[in-house]
Amino acid sequence: MANIAKTLAGRVHNVIQIAAKNPQLAPRFYSAAANLEFIKTEVTGEKKNVAVITLNRPKALNALCNGLMKELSTALDSFEKDKSIAAIVITGSEKAFAAGADIKEMQPNTYSQCIMGNFLNDWTRVARCQKPIIAAVNGYALGGGCELAMMCDIIYAGDKAKFAQPEIALGTIPGAGGTQRLTRVVGKSKAMEICLTGNMINAEEAEKMGLVSKVIPADKLVGEAVKLGEKIGSHSGLIVQLCKEAVNTAYETTLQEGLKFERRTFHATFSTEDRKEGMTAFVEKRPAKFSNL
Ligand code: CAA
């Protein structure tokens, strides 16, 4: 299994490398070349520094089967290693970002299989990515789909997006962060209502409760998410990574510990070339040229 994953990672990476070096030769989507079954990958943006991963399992509304999650992890491994990539966008189709974990695949699972196989453990790959990830959510983001979006750093929603944690109606509970990440984002009362009813909330409501940072017309969504990736990519990748780690620390620790971590990380930026360059460029009234050093 590890070998298959390695080979797939190599293929995705090679295709991306060819595309990065020869943009004029690069096909817009690389799924055929990389033998990807459940996702498509693309490198885009003016500087070709934003990766777009499109979940591509339309017949099942992008239900997150094991194969899809493996391909997603492998693509993330590849984009994380690729120095030319500054940010990653994960999106789905107009009808569905993802309709959750694959119910048909997990329906026969037993308790023992879940425990022994540590079911869903490998889904955390998205949350462990060091580069910024933007979820561009059109259509349904249900169950694991909503959880996948919440593992990303920023969520942009199309105006027809619908979010829910409907596991309760299946006789189970969210298993990839629905009860934990959602509660931290929207607070107990709203999270409790969403998880205990399984009701869908629309994009406008999701924005109001802070689950998504922006609602955008559906057909402009991915373009706007890419622009956001490009804006982030115009800064030092090194400092972006430190900043992401500092914000994420707010979810993991007490305020005092978090403030200490932030201050020490701020101090650490003073050992970087990019901090020197950023401040010198400001003083010299010129754009900064960052080197990730
Ligand atoms: N798993 C597997 N297949 C799914 C699926 C899922 N989560 N969601 C949709 N599909 C499949 C359907 O079975 C159907 O396939 P067939 O044509 O072979 O029957 C196809 O996708 C289209 O779906 P519908 O016909 O149901 O489309 P619809 O437009 O009538 O309804 C929907 C759309 C409201 C999203 C509905 O499909 C639905 O309720 N899906 C399930 C949502 C859900 O419960 N998600 C939570 C999963 S559990 C989970 O995610 C646990 C976790 O925390 C990780």
# chains A, B, ... in the order shown; residues from 1 in each chain; ligands from 1
call {"tool": "residues_near_ligand", "arguments": {"ligand": "ligand 1", "cutoff": "9 Å", "atoms": "only C-alpha atoms and all ligand atoms", "output": "PyMOL selection string"}}
result
chain A and resi 58-65+95-96+98-106+120+123+139-148+164-170+172-178+198
call {"tool": "select_by_dssp", "arguments": {"residues": "segment 3-209 of chain A", "states": "strand (DSSP E or B)", "output": "PyMOL selection string"}}
result
chain A and resi 39-44+50-55+64+87-91+96-98+101+133-137+140-142+154-158+162-164+201-202
call {"tool": "closest_atom_pairs", "arguments": {"of": "segment 25-110 of chain A", "to": "segment 213-229 of chain A", "cutoff": "7 Å", "atoms": "only C-alpha atoms", "output": "CSV"}}
result
residue,atom,partner,partner_atom,distance
A:Gly45,CA,A:Val226,CA,6.7
A:Val50,CA,A:Gly229,CA,6.1
A:Ala87,CA,A:Gly229,CA,5.2
A:Ile88,CA,A:Gly229,CA,6.9
A:Val89,CA,A:Ala225,CA,6.7
call {"tool": "residues_around", "arguments": {"residues": "Asn56 of chain A", "least_positions_apart": "3", "cutoff": "8 Å", "atoms": "only C-alpha atoms", "output": "number ranges by chain"}}
result
A: 37-40, 62, 92-93
call {"tool": "atom_distance", "arguments": {"atom1": "atom CA of Gln241 of chain A", "atom2": "atom CA of Met150 of chain A"}}
result
18.3 Å
call {"tool": "select_by_dssp", "arguments": {"residues": "segment 35-284 of chain A", "states": "alpha helix (DSSP H)", "output": "ChimeraX atom specification"}}
result
/A:66-81,103-106,111-116,144-151,181-186,188-197,203-208,221-233,237-249,255-269,273-283
